[in-house]
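Colleague: Here you go, coords.cif (mmCIF, N, CA and C atoms):
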```cif
data_query
loop_
_atom_site.label_atom_id
_atom_site.label_comp_id
_atom_site.auth_asym_id
_atom_site.auth_seq_id
_atom_site.Cartn_x
_atom_site.Cartn_y
_atom_site.Cartn_z
N MET K 1 15.40 -0.52 11.58
CA MET K 1 14.08 -0.41 10.98
C MET K 1 13.37 -1.75 11.07
N ILE K 2 12.17 -1.70 11.56
CA ILE K 2 11.36 -2.90 11.70
C ILE K 2 10.37 -2.97 10.54
N ILE K 3 10.38 -4.10 9.86
CA ILE K 3 9.47 -4.31 8.73
C ILE K 3 8.30 -5.14 9.23
N ARG K 4 7.10 -4.63 8.97
CA ARG K 4 5.90 -5.37 9.34
C ARG K 4 5.08 -5.62 8.09
N VAL K 5 4.58 -6.83 7.98
CA VAL K 5 3.78 -7.21 6.83
C VAL K 5 2.37 -7.52 7.31
N ASP K 6 1.40 -7.00 6.59
CA ASP K 6 0.00 -7.28 6.88
C ASP K 6 -0.44 -8.40 5.94
N PHE K 7 -0.47 -9.61 6.46
CA PHE K 7 -0.81 -10.77 5.64
C PHE K 7 -2.29 -10.76 5.23
N ASP K 8 -3.10 -9.96 5.90
CA ASP K 8 -4.53 -9.87 5.57
C ASP K 8 -4.81 -8.79 4.53
N SER K 9 -3.80 -7.99 4.20
CA SER K 9 -3.97 -6.90 3.24
C SER K 9 -4.13 -7.45 1.82
N SER K 10 -4.89 -6.72 1.02
CA SER K 10 -5.02 -7.10 -0.39
C SER K 10 -3.80 -6.64 -1.19
N GLU K 11 -2.98 -5.79 -0.57
CA GLU K 11 -1.78 -5.30 -1.25
C GLU K 11 -0.69 -6.38 -1.22
N ALA K 12 -0.02 -6.57 -2.33
CA ALA K 12 1.02 -7.58 -2.43
C ALA K 12 2.11 -7.34 -1.39
N ILE K 13 2.65 -8.39 -0.84
CA ILE K 13 3.67 -8.29 0.21
C ILE K 13 4.91 -7.57 -0.29
N TYR K 14 5.34 -7.83 -1.52
CA TYR K 14 6.53 -7.16 -2.02
C TYR K 14 6.33 -5.65 -2.11
N LEU K 15 5.10 -5.21 -2.42
CA LEU K 15 4.81 -3.77 -2.45
C LEU K 15 4.80 -3.18 -1.04
N GLN K 16 4.31 -3.95 -0.07
CA GLN K 16 4.36 -3.50 1.32
C GLN K 16 5.81 -3.29 1.75
N LEU K 17 6.68 -4.22 1.38
CA LEU K 17 8.10 -4.09 1.72
C LEU K 17 8.70 -2.83 1.09
N CYS K 18 8.42 -2.65 -0.19
CA CYS K 18 8.94 -1.47 -0.91
C CYS K 18 8.50 -0.18 -0.23
N LYS K 19 7.23 -0.09 0.07
CA LYS K 19 6.70 1.13 0.69
C LYS K 19 7.36 1.39 2.04
N GLN K 20 7.52 0.35 2.84
CA GLN K 20 8.11 0.55 4.15
C GLN K 20 9.57 0.99 4.06
N ILE K 21 10.30 0.47 3.09
CA ILE K 21 11.69 0.88 2.92
C ILE K 21 11.77 2.32 2.43
N ILE K 22 10.91 2.70 1.49
CA ILE K 22 10.89 4.08 1.00
C ILE K 22 10.52 5.04 2.12
N ILE K 23 9.53 4.68 2.92
CA ILE K 23 9.15 5.52 4.06
C ILE K 23 10.30 5.60 5.06
N GLY K 24 11.00 4.50 5.27
CA GLY K 24 12.16 4.50 6.15
C GLY K 24 13.24 5.46 5.68
N ILE K 25 13.43 5.55 4.36
CA ILE K 25 14.39 6.51 3.80
C ILE K 25 13.89 7.93 4.04
N ALA K 26 12.61 8.18 3.77
CA ALA K 26 12.04 9.52 3.95
C ALA K 26 12.10 9.95 5.41
N ASN K 27 11.91 9.02 6.34
CA ASN K 27 11.95 9.31 7.77
C ASN K 27 13.36 9.36 8.32
N ALA K 28 14.35 9.08 7.48
CA ALA K 28 15.76 9.02 7.88
C ALA K 28 16.03 7.89 8.88
N GLU K 29 15.17 6.88 8.89
CA GLU K 29 15.44 5.68 9.69
C GLU K 29 16.56 4.87 9.03
N ILE K 30 16.58 4.91 7.71
CA ILE K 30 17.68 4.31 6.95
C ILE K 30 18.21 5.36 6.00
N LYS K 31 19.52 5.35 5.82
CA LYS K 31 20.18 6.42 5.06
C LYS K 31 20.99 5.85 3.90
N ASP K 32 21.33 6.74 3.00
CA ASP K 32 22.18 6.39 1.87
C ASP K 32 23.43 5.68 2.40
N GLY K 33 23.74 4.53 1.85
CA GLY K 33 24.91 3.76 2.26
C GLY K 33 24.61 2.68 3.27
N ASP K 34 23.43 2.70 3.89
CA ASP K 34 23.06 1.66 4.86
C ASP K 34 22.78 0.35 4.14
N ASN K 35 23.17 -0.73 4.80
CA ASN K 35 22.88 -2.06 4.28
C ASN K 35 21.51 -2.51 4.74
N LEU K 36 20.80 -3.15 3.83
CA LEU K 36 19.56 -3.82 4.19
C LEU K 36 19.89 -5.27 4.49
N PRO K 37 19.02 -5.97 5.20
CA PRO K 37 19.28 -7.39 5.44
C PRO K 37 19.35 -8.14 4.11
N SER K 38 20.06 -9.25 4.12
CA SER K 38 20.10 -10.07 2.91
C SER K 38 18.69 -10.57 2.61
N VAL K 39 18.50 -11.03 1.40
CA VAL K 39 17.20 -11.56 1.00
C VAL K 39 16.78 -12.67 1.96
N ARG K 40 17.69 -13.57 2.23
CA ARG K 40 17.39 -14.70 3.12
C ARG K 40 17.07 -14.22 4.54
N GLU K 41 17.87 -13.28 5.07
CA GLU K 41 17.64 -12.78 6.43
C GLU K 41 16.28 -12.10 6.56
N LEU K 42 15.96 -11.24 5.60
CA LEU K 42 14.69 -10.52 5.68
C LEU K 42 13.51 -11.48 5.53
N ALA K 43 13.65 -12.44 4.62
CA ALA K 43 12.57 -13.43 4.43
C ALA K 43 12.32 -14.20 5.73
N GLU K 44 13.38 -14.62 6.39
CA GLU K 44 13.23 -15.36 7.65
C GLU K 44 12.67 -14.46 8.75
N GLU K 45 13.17 -13.24 8.83
CA GLU K 45 12.73 -12.30 9.86
C GLU K 45 11.24 -11.99 9.76
N VAL K 46 10.76 -11.79 8.53
CA VAL K 46 9.37 -11.41 8.32
C VAL K 46 8.46 -12.63 8.19
N GLY K 47 9.06 -13.76 7.82
CA GLY K 47 8.27 -14.97 7.64
C GLY K 47 7.63 -15.07 6.28
N ILE K 48 8.39 -14.69 5.25
CA ILE K 48 7.89 -14.72 3.88
C ILE K 48 8.89 -15.45 2.99
N ASN K 49 8.49 -15.66 1.76
CA ASN K 49 9.31 -16.34 0.78
C ASN K 49 10.46 -15.44 0.31
N MET K 50 11.62 -16.03 0.07
CA MET K 50 12.78 -15.28 -0.41
C MET K 50 12.49 -14.61 -1.76
N HIS K 51 11.69 -15.24 -2.60
CA HIS K 51 11.38 -14.67 -3.91
C HIS K 51 10.61 -13.35 -3.76
N THR K 52 9.81 -13.25 -2.71
CA THR K 52 9.05 -12.02 -2.46
C THR K 52 9.99 -10.88 -2.11
N VAL K 53 10.96 -11.16 -1.23
CA VAL K 53 11.95 -10.14 -0.86
C VAL K 53 12.78 -9.76 -2.08
N ASN K 54 13.17 -10.76 -2.85
CA ASN K 54 13.96 -10.52 -4.05
C ASN K 54 13.21 -9.61 -5.02
N LYS K 55 11.91 -9.83 -5.16
CA LYS K 55 11.08 -9.01 -6.05
C LYS K 55 11.02 -7.57 -5.55
N ALA K 56 10.90 -7.39 -4.24
CA ALA K 56 10.87 -6.04 -3.66
C ALA K 56 12.21 -5.34 -3.89
N TYR K 57 13.30 -6.02 -3.63
CA TYR K 57 14.63 -5.43 -3.83
C TYR K 57 14.86 -5.08 -5.29
N ARG K 58 14.41 -5.95 -6.19
CA ARG K 58 14.57 -5.69 -7.61
C ARG K 58 13.80 -4.43 -8.02
N LEU K 59 12.57 -4.28 -7.53
CA LEU K 59 11.77 -3.10 -7.84
C LEU K 59 12.41 -1.84 -7.25
N LEU K 60 12.90 -1.92 -6.03
CA LEU K 60 13.57 -0.77 -5.41
C LEU K 60 14.83 -0.38 -6.18
N ARG K 61 15.53 -1.38 -6.69
CA ARG K 61 16.72 -1.09 -7.50
C ARG K 61 16.31 -0.41 -8.80
N GLN K 62 15.27 -0.89 -9.45
CA GLN K 62 14.79 -0.30 -10.70
C GLN K 62 14.32 1.14 -10.50
N GLU K 63 13.75 1.40 -9.32
CA GLU K 63 13.24 2.75 -9.04
C GLU K 63 14.32 3.68 -8.48
N GLY K 64 15.55 3.17 -8.33
CA GLY K 64 16.66 4.02 -7.91
C GLY K 64 16.79 4.24 -6.42
N TYR K 65 16.34 3.27 -5.61
CA TYR K 65 16.47 3.41 -4.16
C TYR K 65 17.60 2.58 -3.57
N LEU K 66 18.04 1.56 -4.29
CA LEU K 66 19.13 0.76 -3.76
C LEU K 66 19.94 0.13 -4.88
N LYS K 67 21.11 -0.31 -4.49
CA LYS K 67 21.95 -1.08 -5.41
C LYS K 67 22.27 -2.40 -4.74
N VAL K 68 22.53 -3.38 -5.56
CA VAL K 68 22.85 -4.70 -5.04
C VAL K 68 24.28 -5.02 -5.42
N ASP K 69 25.07 -5.34 -4.42
CA ASP K 69 26.48 -5.67 -4.59
C ASP K 69 26.68 -7.10 -4.10
N ARG K 70 27.36 -7.91 -4.88
CA ARG K 70 27.51 -9.33 -4.51
C ARG K 70 28.23 -9.51 -3.18
N ARG K 71 29.16 -8.61 -2.88
CA ARG K 71 29.92 -8.74 -1.63
C ARG K 71 29.21 -8.11 -0.44
N HIS K 72 28.47 -7.03 -0.68
CA HIS K 72 27.89 -6.28 0.44
C HIS K 72 26.37 -6.36 0.50
N GLY K 73 25.73 -7.02 -0.45
CA GLY K 73 24.28 -7.17 -0.45
C GLY K 73 23.56 -5.93 -0.92
N ALA K 74 22.36 -5.74 -0.40
CA ALA K 74 21.51 -4.59 -0.79
C ALA K 74 21.91 -3.37 0.03
N ILE K 75 22.20 -2.29 -0.67
CA ILE K 75 22.66 -1.05 -0.04
C ILE K 75 21.77 0.09 -0.51
N ILE K 76 21.33 0.91 0.44
CA ILE K 76 20.54 2.08 0.08
C ILE K 76 21.43 3.02 -0.73
N ALA K 77 20.98 3.34 -1.92
CA ALA K 77 21.72 4.23 -2.83
C ALA K 77 20.69 4.97 -3.67
N VAL K 78 20.20 6.07 -3.12
CA VAL K 78 19.14 6.81 -3.78
C VAL K 78 19.72 7.61 -4.94
N GLU K 79 19.26 7.27 -6.13
CA GLU K 79 19.66 8.02 -7.32
C GLU K 79 18.74 9.22 -7.45
N VAL K 80 19.35 10.38 -7.63
CA VAL K 80 18.55 11.59 -7.69
C VAL K 80 18.54 12.12 -9.12
N ASP K 81 17.50 11.78 -9.83
CA ASP K 81 17.23 12.33 -11.16
C ASP K 81 15.95 13.13 -10.98
N GLN K 82 16.10 14.43 -10.75
CA GLN K 82 14.97 15.29 -10.41
C GLN K 82 13.84 15.23 -11.45
N VAL K 83 14.20 15.24 -12.71
CA VAL K 83 13.17 15.23 -13.75
C VAL K 83 12.38 13.93 -13.70
N LYS K 84 13.09 12.83 -13.62
CA LYS K 84 12.43 11.52 -13.55
C LYS K 84 11.58 11.41 -12.28
N ALA K 85 12.12 11.87 -11.15
CA ALA K 85 11.39 11.81 -9.89
C ALA K 85 10.12 12.65 -9.95
N GLN K 86 10.20 13.81 -10.57
CA GLN K 86 9.02 14.67 -10.67
C GLN K 86 7.96 14.06 -11.59
N LEU K 87 8.38 13.43 -12.66
CA LEU K 87 7.43 12.76 -13.56
C LEU K 87 6.73 11.60 -12.84
N GLN K 88 7.51 10.83 -12.08
CA GLN K 88 6.92 9.72 -11.33
C GLN K 88 5.94 10.24 -10.28
N LEU K 89 6.32 11.32 -9.60
CA LEU K 89 5.44 11.90 -8.59
C LEU K 89 4.14 12.38 -9.23
N ALA K 90 4.24 13.03 -10.38
CA ALA K 90 3.05 13.52 -11.07
C ALA K 90 2.10 12.37 -11.39
N GLU K 91 2.64 11.25 -11.86
CA GLU K 91 1.81 10.09 -12.18
C GLU K 91 1.11 9.55 -10.94
N GLU K 92 1.85 9.45 -9.84
CA GLU K 92 1.27 8.93 -8.60
C GLU K 92 0.23 9.89 -8.04
N LEU K 93 0.50 11.18 -8.13
CA LEU K 93 -0.45 12.17 -7.62
C LEU K 93 -1.73 12.21 -8.45
N LYS K 94 -1.61 11.98 -9.76
CA LYS K 94 -2.80 11.98 -10.62
C LYS K 94 -3.82 10.97 -10.11
N LEU K 95 -3.36 9.77 -9.81
CA LEU K 95 -4.28 8.74 -9.33
C LEU K 95 -4.81 9.08 -7.94
N SER K 96 -3.93 9.52 -7.05
CA SER K 96 -4.36 9.86 -5.69
C SER K 96 -5.38 10.99 -5.70
N LEU K 97 -5.13 12.00 -6.53
CA LEU K 97 -6.06 13.13 -6.60
C LEU K 97 -7.37 12.74 -7.29
N ALA K 98 -7.29 11.86 -8.27
CA ALA K 98 -8.52 11.37 -8.91
C ALA K 98 -9.38 10.64 -7.88
N LYS K 99 -8.74 9.85 -7.02
CA LYS K 99 -9.47 9.15 -5.96
C LYS K 99 -10.09 10.16 -5.00
N ALA K 100 -9.32 11.18 -4.63
CA ALA K 100 -9.83 12.20 -3.70
C ALA K 100 -11.03 12.93 -4.29
N ILE K 101 -10.93 13.30 -5.55
CA ILE K 101 -12.04 14.00 -6.22
C ILE K 101 -13.26 13.10 -6.31
N SER K 102 -13.03 11.82 -6.65
CA SER K 102 -14.13 10.86 -6.75
C SER K 102 -14.85 10.68 -5.42
N LYS K 103 -14.13 10.82 -4.32
CA LYS K 103 -14.70 10.64 -2.99
C LYS K 103 -15.21 11.96 -2.40
N GLY K 104 -15.10 13.04 -3.18
CA GLY K 104 -15.64 14.32 -2.73
C GLY K 104 -14.76 15.09 -1.77
N ILE K 105 -13.48 14.78 -1.72
CA ILE K 105 -12.57 15.50 -0.82
C ILE K 105 -12.24 16.85 -1.46
N PRO K 106 -12.52 17.94 -0.74
CA PRO K 106 -12.28 19.27 -1.30
C PRO K 106 -10.79 19.53 -1.58
N ARG K 107 -10.53 20.34 -2.58
CA ARG K 107 -9.17 20.70 -2.99
C ARG K 107 -8.35 21.20 -1.80
N GLU K 108 -8.93 22.08 -1.00
CA GLU K 108 -8.22 22.67 0.13
C GLU K 108 -7.78 21.60 1.13
N VAL K 109 -8.64 20.63 1.36
CA VAL K 109 -8.33 19.55 2.30
C VAL K 109 -7.18 18.70 1.75
N ALA K 110 -7.24 18.36 0.46
CA ALA K 110 -6.18 17.56 -0.15
C ALA K 110 -4.85 18.29 -0.10
N LEU K 111 -4.85 19.58 -0.44
CA LEU K 111 -3.61 20.36 -0.40
C LEU K 111 -3.06 20.47 1.01
N GLU K 112 -3.94 20.66 1.99
CA GLU K 112 -3.50 20.74 3.38
C GLU K 112 -2.89 19.42 3.83
N MET K 113 -3.47 18.31 3.41
CA MET K 113 -2.94 16.99 3.77
C MET K 113 -1.54 16.80 3.19
N VAL K 114 -1.35 17.19 1.93
CA VAL K 114 -0.03 17.08 1.30
C VAL K 114 0.99 17.91 2.08
N GLU K 115 0.63 19.13 2.43
CA GLU K 115 1.53 20.00 3.21
C GLU K 115 1.89 19.37 4.55
N GLN K 116 0.89 18.84 5.25
CA GLN K 116 1.13 18.24 6.56
C GLN K 116 2.05 17.03 6.46
N ILE K 117 1.80 16.17 5.50
CA ILE K 117 2.63 14.97 5.33
C ILE K 117 4.05 15.36 4.94
N TYR K 118 4.19 16.32 4.06
CA TYR K 118 5.51 16.78 3.64
C TYR K 118 6.29 17.31 4.84
N GLU K 119 5.64 18.09 5.69
CA GLU K 119 6.29 18.65 6.88
C GLU K 119 6.70 17.55 7.85
N ILE K 120 5.87 16.53 8.00
CA ILE K 120 6.21 15.42 8.89
C ILE K 120 7.51 14.78 8.44
N TYR K 121 7.66 14.53 7.15
CA TYR K 121 8.90 13.92 6.64
C TYR K 121 10.09 14.87 6.80
N LEU K 122 9.89 16.15 6.52
CA LEU K 122 10.98 17.12 6.65
C LEU K 122 11.48 17.22 8.09
N ASN K 123 10.57 17.04 9.04
CA ASN K 123 10.94 17.14 10.45
C ASN K 123 11.44 15.81 11.02
N GLY K 124 11.49 14.78 10.18
CA GLY K 124 12.03 13.49 10.61
C GLY K 124 11.10 12.69 11.48
N ASN K 125 9.82 12.99 11.44
CA ASN K 125 8.86 12.22 12.21
C ASN K 125 8.42 11.00 11.42
N SER K 126 7.96 10.01 12.13
CA SER K 126 7.54 8.77 11.50
C SER K 126 6.12 8.89 10.95
N VAL K 127 5.93 8.31 9.76
CA VAL K 127 4.62 8.24 9.14
C VAL K 127 4.38 6.80 8.75
N SER K 128 3.21 6.29 9.03
CA SER K 128 2.89 4.91 8.64
C SER K 128 2.08 4.89 7.39
#
```
Would you give me this structure, written as structure tokens?
Modeller:
Amino acid sequence: MIIRVDFDSSEAIYLQLCKQIIIGIANAEIKDGDNLPSVRELAEEVGINMHTVNKAYRLLRQEGYLKVDRRHGAIIAVEVDQVKAQLQLAEELKLSLAKAISKGIPREVALEMVEQIYEIYLNGNSVS
């Protein structure tokens, strides 16, 4: 998995890292049990501060996407708590749908987009 950071983006770099790793899991580019690069390795590879990578890994651990082991480093370990995951999804969708409504995107278009994106992930295709 190749991590790319947009240094011109207004989005924080650690959030960009988190999103790319989560998308990598959804695309099956990285799987449960796979090792991620060490904090130092990823920082050097991407050209960012180690604290930024550490912050991303910490957030991913808190959200149940990875575990950190002193001997083996960061390992993908997706915790599946369906109730918690559904509550988190509902919160994220509330904001996304509020934005869509504010911009005048019709309900049918938004629902079709969700279906299309969901199918892309189910079929193992890449989404950016």
Colleague: Hey, what's within 12 Å of stretch 85-98 of chain K if we count only C-alpha atoms and toss same-chain stuff fewer than 6 positions away? As a list in words, please?
Modeller: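 The filter keeps Glu63, Gly64, Tyr65, Val78, Glu79, Gly104, Ile105, Pro106, Arg107, Glu108, Val109, Ala110, Leu111, Met113 and Val114 of chain K.
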Colleague: At most 7 Å from (17.2, 2.0, 7.6), file frame, only C-alpha atoms: which residues, as a ChimeraX atom specification?
Modeller: /K:1,24-25,29-31,34
Colleague: Mind the document's chain letters and residue numbers, and return as a list in words the residues of stretch 24-97 of chain K that DSSP labels strand (DSSP E).
Modeller: Leu66, Lys67, Val68, Asp69, Gly73, Ala74, Ile75 and Ile76 of chain K
Colleague: Would you compute the distance between atom CA of K:Leu17 and atom CA of K:Gly47? Give it in Å to one decimal.
Modeller: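 Value for the atom CA of K:Leu17-atom CA of K:Gly47 distance: 12.4 Å.
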Colleague: Just how far from atom C of K:Glu45 is atom N of K:Phe7, in Å to one decimal?
Modeller: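 These two atoms are separated by 12.4 Å.
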Colleague: Quote the spacing between atom N of K:Leu15 and atom C of K:Thr52 in Å to one decimal place.
Modeller: 7.5 Å
